[in-house]
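Following: one structure in structure tokens, then a few remarks.
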Amino acid sequence: MKKSIQHSGVIAKIEHSTVHVRIVQQSACSECHAKSLCHASDRSVKMIEIEDHSGSFSVNETVHIHAHMSQGMTAVLIAFVVPLALVVAALAAGYAISGNDIVAGVAALCILAPYCAVVRLMRGRLAKKFVFTLSKIS
């Protein structure tokens with residue numbers, strides 16, 4: 001099993017010690033031979049900011065972005081597992097308290113707003129936890 005997650009990207013710009021790398025995120029359908037006929041394929045461009053003090057990279061250079069596997073697992077936990085658990089718990093609690101499906105559903109959806117606010121407030125701390133590194137493609 002790999003110890004790191006790796007994506008290829010192109011350096012869009014460099015400001016001081018911050019390298020802005022553009023990566024193209026593709027769905028699993030992107031390699032399908034019928035993707036031109038299918039409307040389900042998905043591609044999106046993401047910009048990643050990476051601190052680099054080496055000065056060995058240049059604009060338009062293709063690079064690899066690395067992150068530890070544990071960072072990927074933590075990201076999945078924060079983005080999917082915890083919100084799902086909160087929604088299920090709020091749904092169960094809302095139904096247990098009110099006995100009404102609609103109230104339980106609204107409670108389950110409303111629990112996501114405070115969670116998103118907490119994650120947004122903690123983005124500085126999360127940015128320190130999720131550290132990316134760059135390497136040249138050989």
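Following the order of the structure tokens, chains are lettered A, B, ..., residues in each are numbered from 1, and ligands are numbered from 1.
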Mind checking DSSP for chain A and telling me the helix (DSSP H, G or I) residues as a VMD selection string?
-> chain A and resid 28 to 31 69 to 98 101 to 110 112 to 121 123 to 129
Fewer than 3 positions away in the same chain doesn't count, so skip those; otherwise give me all residues within 12 Å of range 131-136 of chain A, counting only C-alpha atoms, as a compact mmCIF listing (two decimals) with C-alpha atoms, in the first residue's frame.
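Listing of out_34.txt after writing:
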```txt
# COMPACT_ATOMS: atom_id res chain seq x y z
CA SER A 4 1.38 8.94 -0.08
CA ILE A 5 -1.24 10.25 -2.47
CA GLN A 6 0.11 11.74 -5.68
CA HIS A 7 -1.44 13.98 -8.35
CA SER A 8 0.11 15.61 -11.39
CA GLY A 9 -0.35 19.29 -11.99
CA VAL A 10 1.00 22.34 -13.76
CA ILE A 11 2.42 25.34 -11.93
CA THR A 18 3.82 30.05 -2.51
CA VAL A 19 3.47 27.88 -5.60
CA HIS A 20 0.00 27.75 -7.19
CA VAL A 21 -0.51 24.40 -8.92
CA ILE A 48 -3.64 24.11 -4.83
CA GLU A 49 -1.38 26.49 -2.91
CA ILE A 50 1.84 24.89 -1.70
CA GLU A 51 4.60 26.46 0.35
CA ASP A 52 7.99 25.89 -1.25
CA HIS A 53 11.17 27.70 -0.26
CA SER A 54 13.50 25.85 -2.63
CA GLY A 55 12.97 28.13 -5.62
CA SER A 56 13.61 25.21 -7.96
CA PHE A 57 10.27 25.33 -9.77
CA SER A 58 9.09 27.49 -12.65
CA GLU A 61 6.31 23.19 -15.22
CA THR A 62 4.54 19.86 -14.72
CA VAL A 63 5.00 18.59 -11.16
CA HIS A 64 3.75 15.93 -8.77
CA ILE A 65 1.86 16.96 -5.64
CA HIS A 66 2.26 14.60 -2.69
CA ALA A 67 0.23 14.20 0.49
CA HIS A 68 0.43 11.54 3.18
CA MET A 69 -2.19 8.81 3.04
CA SER A 70 -3.31 9.73 6.56
CA GLN A 71 -4.17 13.22 5.31
CA GLY A 72 -6.43 11.69 2.68
CA ALA A 75 -10.08 14.57 4.66
CA GLY A 124 -6.51 27.79 9.47
CA ARG A 125 -5.84 24.84 11.75
CA LEU A 126 -6.78 22.41 8.98
CA ALA A 127 -4.44 24.16 6.53
CA LYS A 128 -1.56 23.45 8.93
```
Near range 80-84 of chain A, within 12 Å and counting only C-alpha atoms, which residues show up once chain neighbours fewer than 2 positions away are dropped, as a VMD selection string?
-> chain A and resid 72 to 78 86 to 91 108 to 116 118 to 119
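CA of His16 in chain A is found 26.6 Å from CA of Ser44 in chain A.
Interatomic distance, CA of Ala92 in chain A against CA of Ala117 in chain A: 22.3 Å.
With CA of Ile102 in chain A on one side and CA of Ala85 in chain A on the other, the separation reads 18.8 Å.
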